[in-house]
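Asks: Sharing final-v5.txt (compact mmCIF, C-alpha atoms and all ligand atoms) below.
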# COMPACT_ATOMS: atom_id res chain seq x y z
CA MET A 1 5.52 6.44 26.43
CA SER A 2 1.81 7.06 27.04
CA ALA A 3 1.05 6.08 23.40
CA VAL A 4 2.90 2.80 24.03
CA LEU A 5 0.76 2.09 27.10
CA ALA A 6 -2.44 2.91 25.20
CA GLU A 7 -1.40 0.64 22.30
CA HIS A 8 -0.27 -2.38 24.28
CA ILE A 9 -3.15 -2.53 26.74
CA GLU A 10 -5.28 -3.13 23.62
CA TYR A 11 -3.31 -6.26 22.67
CA LEU A 12 -3.14 -7.57 26.22
CA THR A 13 -6.88 -7.30 26.83
CA LEU A 14 -8.33 -8.68 23.57
CA PRO A 15 -10.77 -11.38 24.69
CA GLY A 16 -9.18 -14.81 24.57
CA ARG A 17 -6.00 -13.79 22.73
CA ASN A 18 -3.56 -14.47 25.58
CA ALA A 19 -5.18 -17.82 26.35
CA LEU A 20 -4.89 -18.87 22.68
CA TYR A 21 -1.20 -17.91 22.56
CA ARG A 22 -0.54 -19.78 25.84
CA GLN A 23 -2.31 -22.81 24.35
CA ALA A 24 -0.27 -22.59 21.14
CA ILE A 25 2.97 -22.23 23.09
CA GLY A 26 1.99 -25.22 25.27
CA ALA A 27 1.44 -27.31 22.12
CA THR A 28 4.64 -26.17 20.40
CA LEU A 29 7.45 -25.25 22.79
CA ARG A 30 9.72 -27.92 24.29
CA PRO A 31 11.47 -27.30 27.62
CA GLY A 32 14.80 -25.58 27.03
CA ASP A 33 13.81 -24.11 23.65
CA ARG A 34 15.39 -20.85 22.50
CA VAL A 35 12.89 -18.30 21.15
CA ALA A 36 12.82 -15.07 19.11
CA ASP A 37 9.80 -12.86 19.90
CA LEU A 38 9.38 -10.65 16.83
CA GLY A 39 7.89 -7.22 17.57
CA CYS A 40 7.74 -8.23 21.23
CA GLY A 41 6.11 -4.98 22.43
CA VAL A 42 6.01 -5.18 26.23
CA GLY A 43 7.24 -8.79 26.00
CA VAL A 44 4.08 -10.71 26.74
CA LEU A 45 4.55 -13.60 24.27
CA GLY A 46 8.16 -14.10 25.41
CA LEU A 47 6.94 -14.06 29.00
CA PHE A 48 4.50 -16.89 28.20
CA CYS A 49 7.37 -18.83 26.55
CA LEU A 50 9.58 -18.42 29.64
CA GLU A 51 6.72 -19.58 31.87
CA ALA A 52 6.34 -22.63 29.58
CA GLY A 53 10.03 -23.55 29.98
CA ALA A 54 12.01 -21.65 27.32
CA SER A 55 15.65 -21.35 28.30
CA LYS A 56 16.19 -18.08 26.45
CA VAL A 57 14.07 -15.46 24.68
CA TRP A 58 15.27 -12.64 22.49
CA GLY A 59 12.59 -9.93 22.45
CA ILE A 60 12.97 -7.56 19.51
CA ASP A 61 10.99 -4.34 19.13
CA SER A 62 11.58 -1.07 17.30
CA SER A 63 9.40 1.05 19.63
CA ASP A 64 9.80 2.33 23.18
CA ALA A 65 7.77 -0.66 24.35
CA ILE A 66 11.06 -2.58 24.47
CA HIS A 67 12.05 -0.60 27.57
CA LEU A 68 8.88 -1.73 29.31
CA ALA A 69 9.63 -5.32 28.27
CA ARG A 70 13.06 -5.03 29.92
CA GLU A 71 11.54 -3.71 33.16
CA VAL A 72 8.81 -6.38 33.15
CA MET A 73 11.39 -9.17 32.81
CA ASP A 74 13.52 -7.67 35.60
CA ARG A 75 10.53 -7.52 37.91
CA ALA A 76 9.42 -11.06 36.97
CA GLY A 77 12.93 -12.39 37.70
CA TYR A 78 13.59 -13.42 34.09
CA SER A 79 16.29 -10.90 33.17
CA ASP A 80 18.92 -13.66 32.91
CA ARG A 81 16.82 -15.53 30.31
CA TYR A 82 15.31 -12.59 28.40
CA GLU A 83 17.38 -10.32 26.20
CA CYS A 84 15.93 -7.12 24.77
CA ILE A 85 16.99 -5.93 21.34
CA ALA A 86 15.85 -2.39 20.50
CA GLY A 87 15.42 -2.08 16.73
CA SER A 88 13.92 -3.63 13.65
CA THR A 89 13.92 -7.41 13.26
CA PHE A 90 15.08 -6.84 9.68
CA ARG A 91 18.31 -5.34 10.96
CA THR A 92 18.82 -7.71 13.88
CA VAL A 93 21.53 -10.36 13.85
CA LEU A 94 21.00 -12.97 16.58
CA PRO A 95 24.04 -14.69 18.14
CA GLU A 96 22.52 -18.13 17.48
CA GLN A 97 19.56 -19.72 15.68
CA VAL A 98 16.40 -20.40 17.69
CA ASP A 99 13.90 -23.27 18.02
CA LEU A 100 10.80 -21.07 17.82
CA ILE A 101 9.84 -17.73 16.31
CA ILE A 102 6.68 -16.11 17.62
CA CYS A 103 4.77 -12.90 16.95
CA ASP A 104 1.34 -11.32 16.90
CA HIS A 105 1.71 -9.29 13.75
CA VAL A 106 -1.72 -10.42 12.64
CA GLY A 107 -3.42 -7.36 11.13
CA PHE A 108 -7.11 -6.57 10.73
CA PHE A 109 -7.09 -8.51 7.43
CA GLY A 110 -4.35 -10.88 8.66
CA PHE A 111 -1.60 -9.99 6.18
CA ASP A 112 -1.91 -6.19 6.35
CA TYR A 113 0.54 -5.43 9.18
CA GLY A 114 3.57 -6.90 7.38
CA ILE A 115 3.50 -10.38 8.95
CA ILE A 116 4.43 -12.23 5.76
CA GLN A 117 7.76 -10.49 5.28
CA LEU A 118 8.46 -10.41 9.02
CA MET A 119 8.02 -14.19 9.38
CA ARG A 120 9.78 -14.94 6.09
CA ASP A 121 12.89 -12.98 7.04
CA ALA A 122 12.94 -14.43 10.58
CA ARG A 123 12.41 -18.00 9.30
CA GLN A 124 15.29 -17.64 6.87
CA ARG A 125 17.76 -16.00 9.26
CA PHE A 126 16.77 -16.77 12.87
CA LEU A 127 15.13 -20.21 12.82
CA LYS A 128 16.96 -23.54 13.07
CA PRO A 129 16.11 -25.92 10.20
CA GLY A 130 12.87 -27.64 11.22
CA GLY A 131 12.19 -25.02 13.91
CA ALA A 132 8.66 -24.05 14.91
CA MET A 133 6.60 -20.94 14.20
CA ILE A 134 3.65 -19.29 15.95
CA PRO A 135 1.54 -18.44 13.99
CA GLN A 136 1.83 -21.05 11.23
CA ALA A 137 -0.67 -19.89 8.61
CA LEU A 138 -3.48 -17.48 7.77
CA ASP A 139 -6.82 -18.05 6.09
CA LEU A 140 -8.21 -14.80 4.71
CA MET A 141 -11.96 -14.23 4.67
CA VAL A 142 -13.96 -11.63 2.75
CA ALA A 143 -17.59 -10.45 2.86
CA GLY A 144 -19.71 -7.61 1.39
CA VAL A 145 -20.39 -4.49 3.49
CA SER A 146 -23.41 -2.20 3.66
CA SER A 147 -22.86 0.27 6.48
CA ASP A 148 -23.45 4.01 6.90
CA ASP A 149 -20.53 4.18 9.34
CA CYS A 150 -18.15 2.56 6.87
CA LEU A 151 -19.38 4.74 4.04
CA ALA A 152 -18.81 7.78 6.26
CA LYS A 153 -15.17 6.74 6.63
CA ALA A 154 -14.69 6.48 2.89
CA ASP A 155 -16.55 9.65 1.89
CA GLY A 156 -15.57 11.81 4.88
CA TRP A 157 -13.89 14.41 2.63
CA THR A 158 -17.19 15.25 0.93
CA ARG A 159 -18.89 16.29 4.19
CA GLU A 160 -20.36 19.78 4.62
CA SER A 161 -17.95 20.58 7.45
CA VAL A 162 -14.90 20.00 5.21
CA PRO A 163 -13.81 23.24 3.44
CA GLU A 164 -14.51 22.99 -0.28
CA GLN A 165 -10.84 23.15 -1.25
CA TYR A 166 -10.34 19.71 0.35
CA ARG A 167 -13.24 17.83 -1.23
CA TRP A 168 -11.09 16.48 -4.09
CA LEU A 169 -9.41 14.23 -1.51
CA ASP A 170 -12.54 12.10 -1.74
CA ARG A 171 -10.98 10.37 -4.76
CA LEU A 172 -8.04 9.31 -2.62
CA SER A 173 -10.02 8.25 0.42
CA ARG A 174 -11.75 5.43 -1.51
CA ASN A 175 -8.29 3.91 -1.86
CA VAL A 176 -7.57 3.50 1.83
CA ARG A 177 -7.73 0.37 3.97
CA TYR A 178 -9.80 1.26 7.05
CA SER A 179 -10.52 -0.76 10.18
CA TYR A 180 -14.02 -1.29 11.52
CA PRO A 181 -15.64 -3.55 14.15
CA TYR A 182 -18.52 -5.04 12.12
CA ALA A 183 -21.78 -6.40 13.45
CA ALA A 184 -23.70 -9.05 11.47
CA ALA A 185 -26.13 -6.34 10.27
CA ASP A 186 -23.26 -4.54 8.44
CA LEU A 187 -22.75 -7.46 6.05
CA ILE A 188 -24.70 -7.68 2.79
CA ALA A 189 -22.85 -10.63 1.23
CA ALA A 190 -21.96 -13.73 3.23
CA PRO A 191 -18.30 -14.40 4.11
CA VAL A 192 -16.25 -16.64 1.82
CA ALA A 193 -12.67 -17.89 1.95
CA LEU A 194 -10.41 -15.62 -0.08
CA GLY A 195 -6.98 -17.21 0.23
CA HIS A 196 -4.37 -18.97 2.33
CA VAL A 197 -0.89 -17.86 3.43
CA ASP A 198 1.53 -20.47 4.80
CA PHE A 199 4.45 -19.00 6.77
CA ALA A 200 6.49 -22.21 6.49
CA ALA A 201 6.38 -22.31 2.69
CA ASP A 202 8.49 -20.45 0.14
CA GLU A 203 5.59 -18.57 -1.41
CA PRO A 204 5.89 -15.99 -4.20
CA ASP A 205 6.32 -12.32 -3.31
CA PHE A 206 3.04 -11.44 -5.00
CA TYR A 207 -0.39 -12.67 -3.87
CA ARG A 208 -3.55 -12.47 -5.99
CA PHE A 209 -6.74 -13.92 -4.54
CA GLU A 210 -10.12 -13.91 -6.28
CA THR A 211 -13.57 -15.00 -5.26
CA VAL A 212 -17.28 -14.40 -5.83
CA LEU A 213 -19.57 -12.92 -3.18
CA THR A 214 -23.32 -13.49 -3.19
CA ALA A 215 -25.64 -10.79 -1.85
CA THR A 216 -27.87 -12.10 0.94
CA ARG A 217 -30.34 -9.21 0.73
CA ALA A 218 -31.18 -6.15 -1.36
CA GLY A 219 -29.36 -2.95 -0.44
CA ARG A 220 -26.35 -0.73 -1.04
CA PHE A 221 -22.98 -2.43 -1.46
CA ASP A 222 -20.25 -0.21 0.06
CA GLY A 223 -17.15 -2.38 -0.13
CA LEU A 224 -15.37 -5.39 1.31
CA ALA A 225 -14.93 -6.59 4.86
CA GLY A 226 -11.77 -8.63 5.41
CA TRP A 227 -10.63 -10.66 8.40
CA PHE A 228 -8.44 -13.61 9.35
CA ASP A 229 -8.67 -17.12 10.68
CA CYS A 230 -5.13 -17.72 11.88
CA ARG A 231 -3.56 -21.12 12.74
CA LEU A 232 -1.37 -20.50 15.78
CA ALA A 233 -0.59 -24.21 16.28
CA GLN A 234 -1.99 -27.50 14.96
CA ASP A 235 -5.30 -27.31 16.83
CA VAL A 236 -5.22 -23.70 17.97
CA ARG A 237 -6.90 -21.06 15.82
CA MET A 238 -7.35 -17.34 16.44
CA THR A 239 -9.90 -15.31 14.52
CA ASN A 240 -11.40 -11.82 14.45
CA ASN A 241 -14.44 -13.12 12.53
CA PRO A 242 -17.19 -10.66 13.58
CA LEU A 243 -19.77 -13.46 13.38
CA ALA A 244 -17.87 -15.92 15.60
CA PRO A 245 -18.49 -15.98 19.36
CA GLU A 246 -14.83 -16.94 19.90
CA SER A 247 -13.57 -13.84 18.04
CA ILE A 248 -10.74 -11.99 19.78
CA ARG A 249 -12.60 -8.82 18.75
CA ARG A 250 -9.73 -7.25 16.90
CA SER A 251 -11.38 -4.91 14.35
CA GLN A 252 -11.71 -6.11 10.76
CA ALA A 253 -10.59 -4.38 7.55
CA PHE A 254 -12.85 -2.24 5.36
CA LEU A 255 -11.86 -1.84 1.69
CA PRO A 256 -14.31 0.64 0.13
CA ALA A 257 -15.88 0.48 -3.31
CA GLU A 258 -15.02 3.48 -5.47
CA GLU A 259 -18.77 3.99 -5.79
CA SER A 260 -21.40 2.19 -3.74
CA PHE A 261 -23.96 0.30 -5.87
CA ALA A 262 -27.31 -1.41 -5.43
CA VAL A 263 -27.61 -5.19 -5.20
CA GLU A 264 -30.51 -7.65 -5.03
CA ALA A 265 -30.48 -10.85 -2.99
CA GLY A 266 -28.65 -13.52 -5.00
CA ASP A 267 -26.57 -11.09 -7.06
CA GLU A 268 -22.97 -12.15 -7.60
CA ILE A 269 -20.10 -9.74 -7.05
CA ARG A 270 -16.67 -10.85 -8.27
CA VAL A 271 -13.82 -9.52 -6.14
CA ALA A 272 -10.02 -9.75 -6.18
CA VAL A 273 -7.42 -8.67 -3.64
CA ARG A 274 -3.73 -8.29 -4.48
CA PHE A 275 -0.77 -7.53 -2.24
CA ARG A 276 2.94 -8.10 -1.96
CA ALA A 277 4.79 -9.83 0.87
CA ASP A 278 7.30 -7.00 1.14
CA ASP A 279 5.10 -3.92 0.75
CA PRO A 280 2.14 -2.48 2.67
CA MET A 281 0.29 -1.73 -0.59
CA ILE A 282 -3.08 -3.46 -1.18
CA SER A 283 -5.09 -3.38 -4.42
CA TRP A 284 -8.66 -4.64 -4.77
CA THR A 285 -11.25 -4.85 -7.52
CA ILE A 286 -15.00 -5.18 -7.26
CA GLN A 287 -17.14 -6.21 -10.22
CA PRO A 288 -20.75 -5.09 -9.56
CA PRO A 289 -23.51 -7.32 -10.98
CA GLY A 290 -25.21 -6.77 -14.35
CA GLY A 291 -22.07 -5.94 -16.31
CA ALA A 292 -21.45 -2.56 -14.61
CA LYS A 293 -17.92 -1.17 -14.79
CA ARG A 294 -15.36 -2.97 -12.67
CA GLN A 295 -14.06 -0.79 -9.83
CA GLN A 296 -10.32 -0.79 -9.17
CA MET A 297 -8.92 0.55 -5.93
CA SER A 298 -5.42 0.56 -4.48
CA THR A 299 -3.72 2.08 -1.45
CA PHE A 300 -1.10 3.20 -3.98
CA ASN A 301 -3.64 5.79 -5.17
CA SER A 302 -3.83 7.32 -1.70
CA THR A 303 -0.09 7.29 -1.05
CA VAL A 304 1.36 10.78 -0.81
CA LEU A 305 4.51 10.79 -2.93
CA THR A 306 7.06 13.60 -2.69
CA PRO A 307 10.13 14.37 -4.81
CA ALA A 308 12.16 12.48 -2.18
CA ASP A 309 10.28 9.30 -3.20
CA LEU A 310 11.42 9.57 -6.80
CA VAL A 311 14.17 7.24 -7.92
CA LYS A 312 17.21 9.42 -8.54
CA GLU A 313 18.97 9.04 -11.87
CA PRO A 314 21.69 6.55 -10.98
CA GLY A 315 24.42 8.49 -12.82
CA ARG A 316 23.62 11.88 -11.29
CA PRO A 317 26.09 13.21 -8.67
CA LEU A 318 24.44 13.75 -5.28
CA SER A 319 25.06 16.25 -2.51
CA LEU A 320 23.95 16.31 1.13
CA SER A 321 20.94 18.32 2.32
CA HIS A 322 21.41 20.77 5.22
CA GLU A 323 20.25 18.10 7.67
CA GLY A 324 22.51 15.52 6.03
CA LYS A 325 25.52 17.82 6.42
CA ALA A 326 24.62 18.53 10.04
CA ARG A 327 24.30 14.81 10.81
CA ALA A 328 27.62 14.01 9.12
CA PHE A 329 29.27 16.86 11.05
CA VAL A 330 28.00 15.58 14.41
CA LEU A 331 29.04 12.00 13.68
CA ALA A 332 32.51 13.15 12.62
CA GLN A 333 33.02 14.41 16.18
CA VAL A 334 32.55 10.91 17.63
CA ASP A 335 36.12 9.68 18.14
CA GLY A 336 35.79 7.19 20.98
CA GLN A 337 37.12 9.83 23.42
CA ARG A 338 34.58 12.66 23.59
CA SER A 339 31.42 12.54 25.73
CA ALA A 340 28.00 13.62 24.44
CA ASP A 341 28.36 16.97 26.22
CA ALA A 342 31.83 17.54 24.79
CA ILE A 343 30.52 16.74 21.29
CA ALA A 344 27.61 19.17 21.69
CA ASP A 345 30.01 21.90 22.92
CA ARG A 346 32.30 21.32 19.99
CA VAL A 347 29.44 21.40 17.45
CA LEU A 348 28.20 24.68 18.97
CA ALA A 349 31.71 26.16 18.89
CA GLU A 350 32.38 25.19 15.27
CA TRP A 351 28.91 25.50 13.73
CA PRO A 352 26.86 27.64 16.14
CA ASP A 353 24.10 28.47 13.63
CA MET A 354 23.54 24.87 12.49
CA PHE A 355 19.95 25.30 13.79
CA PRO A 356 18.11 28.45 14.98
CA SER A 357 18.89 28.12 18.70
CA GLU A 358 21.48 26.54 20.99
CA GLN A 359 18.75 24.31 22.39
CA ALA A 360 17.78 23.10 18.90
CA VAL A 361 21.43 22.26 18.14
CA ARG A 362 21.86 20.40 21.46
CA GLU A 363 18.66 18.40 20.88
CA PHE A 364 19.73 17.48 17.36
CA VAL A 365 23.16 16.34 18.58
CA LYS A 366 21.52 14.28 21.32
CA SER A 367 19.16 12.53 18.92
CA VAL A 368 21.91 11.81 16.35
CA LEU A 369 24.16 10.35 19.05
CA ALA A 370 21.32 8.31 20.55
CA HIS A 371 20.61 6.72 17.17
CA HIS A 372 24.13 6.09 15.97
CA CYS A 373 26.36 5.47 19.00
CA ALA A 374 26.95 2.12 20.65
CA VAL A 375 26.08 2.02 24.35
C1 LIG B 1 0.89 -5.79 17.31
S1 LIG B 1 2.17 -5.33 18.41
C2 LIG B 1 2.41 -6.86 19.25
C3 LIG B 1 3.14 -6.71 20.56
C4 LIG B 1 3.31 -8.00 21.34
N1 LIG B 1 4.08 -8.98 20.62
C5 LIG B 1 1.98 -8.60 21.73
O1 LIG B 1 1.68 -9.68 21.21
O2 LIG B 1 1.24 -8.02 22.49
C6 LIG B 1 3.51 -5.24 17.27
C7 LIG B 1 4.81 -4.70 17.84
O3 LIG B 1 5.81 -4.93 16.86
C8 LIG B 1 6.67 -3.81 16.75
N2 LIG B 1 7.25 -3.89 15.39
C9 LIG B 1 6.59 -3.79 14.21
N3 LIG B 1 7.42 -4.13 13.20
C10 LIG B 1 8.62 -4.45 13.76
C11 LIG B 1 9.86 -4.89 13.24
N4 LIG B 1 10.04 -5.14 11.94
N5 LIG B 1 10.88 -5.07 14.10
C12 LIG B 1 10.72 -4.87 15.42
N6 LIG B 1 9.55 -4.48 15.97
C13 LIG B 1 8.52 -4.28 15.15
C14 LIG B 1 5.82 -2.62 17.08
O4 LIG B 1 6.62 -1.59 17.63
C15 LIG B 1 4.85 -3.20 18.13
O5 LIG B 1 5.34 -3.01 19.43
Re-express the file's structure as structure tokens.
Ligand SMILES: C[S@@+](CC[C@H](N)C(=O)[O-])C[C@H]1O[C@@H](n2cnc3c(N)ncnc32)[C@H](O)[C@@H]1O
Replies:
Amino acid sequence: MSAVLAEHIEYLTLPGRNALYRQAIGATLRPGDRVADLGCGVGVLGLFCLEAGASKVWGIDSSDAIHLAREVMDRAGYSDRYECIAGSTFRTVLPEQVDLIICDHVGFFGFDYGIIQLMRDARQRFLKPGGAMIPQALDLMVAGVSSDDCLAKADGWTRESVPEQYRWLDRLSRNVRYSYPYAAADLIAAPVALGHVDFAADEPDFYRFETVLTATRAGRFDGLAGWFDCRLAQDVRMTNNPLAPESIRRSQAFLPAEESFAVEAGDEIRVAVRFRADDPMISWTIQPPGGAKRQQMSTFNSTVLTPADLVKEPGRPLSLSHEGKARAFVLAQVDGQRSADAIADRVLAEWPDMFPSEQAVREFVKSVLAHHCAV
């Protein structure tokens, strides 16, 4: 639970964020509206909706934060109008359609925390025709970076302190999306608009945005900075633009170049960013000036794939792993009559060496039952 507290205090204390959401809710929500708060965390956006006159909020979250949301609503006297759903929005079925869907799934680069698919799924399944959404759209911004700190993130595996056997990981670490709180001095090419994402529109699954950056000074070009300018409601915008005084100071994204290169003021650097709505993967290319080789990076190249990630031959017969068998065995004991203790006793009696100790077996049984039994 302490990780949940550490995470959510960050969201709740970002300068200006709560006020912008309250403003957007004020401009959007009508008294009596029904609301789905997607990834509600400790419930703060739903709380604002209730304060603004919502008649019902479903708060959905897949982390332990949902239990704090429940307690907060009890204490605030809203438990009759706020319903907590513990689990993924993608697996949630609501009892009725709502007037408003709301979330703050806005990542460092806007799209990079899965907001597109989250909103798309919720719009299609939870929202009444013509219902409202907060946020409504994202404008993505990109700039050039020259920063020792950022470079240190990308080439950390080459450092003296890293044992030699690990240095090869340098190749992978250029293909990672990092976060960084930029200052104006970290930028070597001025920000330009990269692309637009509209949550109300049926957009394709695949996004490819291209633009040209212009170096504002001579120096070393280390990669791309990315951030968002997000439309929460018609006249309410939220940004983490590091150059804007009204920034909510959420960090921005850093997408490294495979190899840093020198630029002169006025040089043009062509860049492209590609991503899918339904996948966390991001690919980016950077074309240095003067006809140098185009650099192609992708988080796919830093993804650790194991045999379990391989697509199995569809015709091949499958068998359960040890853990799979253990899970199936535990679930087979659930008959609508036995308690958790009785199930654990039975598992221990019939398969005592399922795991190395009685305690390990009891803990496994407890976690399987917690995940798969109705309460
Ligand atoms: C960025 S936090 C926002 C929390 C809160 N809405 C706020 O504005 O402060 C995102 C939350 O969404 C949850 N989450 C992420 N994806 C989810 C999903 N598909 N279904 C349910 N919860 C999700 C995470 O557990 C986390 O608590």
Asks: Select the residues contacting ligand LIG 1 (chain B) at a distance of at most 10 Å, based on all atoms listed in the file, then format the selection as a PyMOL selection string.
Replies: chain A and resi 4+7-14+17-18+21+37-46+59-66+69+85-92+102-107+113-115+117-119+121-122
Asks: Show me, as a PyMOL selection string, the residues that have an atom within 6 Å of A:Trp227 when counting all atoms listed in the file, minus same-chain residues fewer than 3 positions from it.
Replies: chain A and resi 108-109+141+252
Asks: The residues within 7 Å of (-15.2, -2.6, -2.1), using only C-alpha atoms and the coordinates of the file, should be reported as a list of chain:residue names; which are they?
Replies: A:Asp222, A:Gly223, A:Leu224, A:Leu255, A:Pro256, A:Ala257, A:Glu258, A:Ile286
Asks: One decimal, Å: what's the distance from atom CA of A:Ala215 over to atom CA of A:Val192, could you say?
Replies: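 If I compute the distance from atom CA of A:Ala215 to atom CA of A:Val192, I get 11.7 Å.
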Asks: Atom CA of A:Asp149 to atom CA of A:Val273: how many Å, to one decimal?
Replies: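 For atom CA of A:Asp149 relative to atom CA of A:Val273, the distance reads 22.5 Å.
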Asks: Return the single residue from A:Val212, A:Leu140, A:Leu151, A:Ala185 that is closest to A:Gly226, with distances computed using only C-alpha atoms.
Replies: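 Smallest separation from A:Gly226 among the options: A:Leu140.
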Asks: List as a ChimeraX atom specification the protein and nucleic acid residues near A:Thr214, meaning an atom at most 7 Å away when only C-alpha atoms are counted, but skip any in the same chain fewer than 3 places from it.
Replies: /A:189-190,266-269
Asks: May I ask which of the residues A:Arg174, A:Arg274, A:Asp229, A:Leu318 is the closest one to A:Thr303, counting only C-alpha atoms?
Replies: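 Under the stated criterion, the closest residue is A:Arg174.
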Asks: Can you measure atom CA of A:Thr216 to atom CA of A:Glu264 for me? One decimal in Å is fine.
Replies: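 Rounded to one decimal, the two atoms are 7.9 Å apart.
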Asks: Reconstruct N, CA, C and O atoms of stretch 59-71 of chain A; output as a CSV table (one decimal), keeping the file's coordinate frame.
Replies:
chain,number,residue,atom,x,y,z
A,59,GLY,N,13.8,-10.8,22.8
A,59,GLY,CA,12.6,-9.9,22.4
A,59,GLY,C,13.1,-8.8,21.6
A,59,GLY,O,14.0,-8.0,22.0
A,60,ILE,N,12.5,-8.6,20.4
A,60,ILE,CA,13.0,-7.6,19.5
A,60,ILE,C,11.8,-6.6,19.2
A,60,ILE,O,10.7,-7.0,18.8
A,61,ASP,N,12.0,-5.3,19.5
A,61,ASP,CA,11.0,-4.3,19.1
A,61,ASP,C,11.6,-3.0,18.8
A,61,ASP,O,12.6,-2.6,19.4
A,62,SER,N,11.0,-2.3,17.8
A,62,SER,CA,11.6,-1.1,17.3
A,62,SER,C,11.0,0.1,18.0
A,62,SER,O,11.3,1.3,17.7
A,63,SER,N,10.0,-0.1,18.9
A,63,SER,CA,9.4,1.0,19.6
A,63,SER,C,9.9,1.1,21.1
A,63,SER,O,10.6,0.2,21.6
A,64,ASP,N,9.4,2.2,21.8
A,64,ASP,CA,9.8,2.3,23.2
A,64,ASP,C,9.2,1.2,24.1
A,64,ASP,O,9.7,1.1,25.2
A,65,ALA,N,8.3,0.4,23.6
A,65,ALA,CA,7.8,-0.7,24.4
A,65,ALA,C,8.9,-1.6,24.8
A,65,ALA,O,8.7,-2.2,25.9
A,66,ILE,N,10.0,-1.7,24.1
A,66,ILE,CA,11.1,-2.6,24.5
A,66,ILE,C,11.6,-2.3,25.9
A,66,ILE,O,12.0,-3.1,26.6
A,67,HIS,N,11.5,-1.0,26.2
A,67,HIS,CA,12.0,-0.6,27.6
A,67,HIS,C,11.1,-1.1,28.7
A,67,HIS,O,11.6,-1.4,29.8
A,68,LEU,N,9.8,-1.2,28.3
A,68,LEU,CA,8.9,-1.7,29.3
A,68,LEU,C,9.1,-3.2,29.4
A,68,LEU,O,9.0,-3.8,30.5
A,69,ALA,N,9.4,-3.9,28.3
A,69,ALA,CA,9.6,-5.3,28.3
A,69,ALA,C,10.8,-5.6,29.2
A,69,ALA,O,10.8,-6.6,30.0
A,70,ARG,N,11.9,-4.8,29.1
A,70,ARG,CA,13.1,-5.0,29.9
A,70,ARG,C,12.7,-4.9,31.4
A,70,ARG,O,13.1,-5.8,32.2
A,71,GLU,N,11.9,-3.9,31.7
A,71,GLU,CA,11.5,-3.7,33.2
A,71,GLU,C,10.6,-4.9,33.7
A,71,GLU,O,10.8,-5.3,34.8
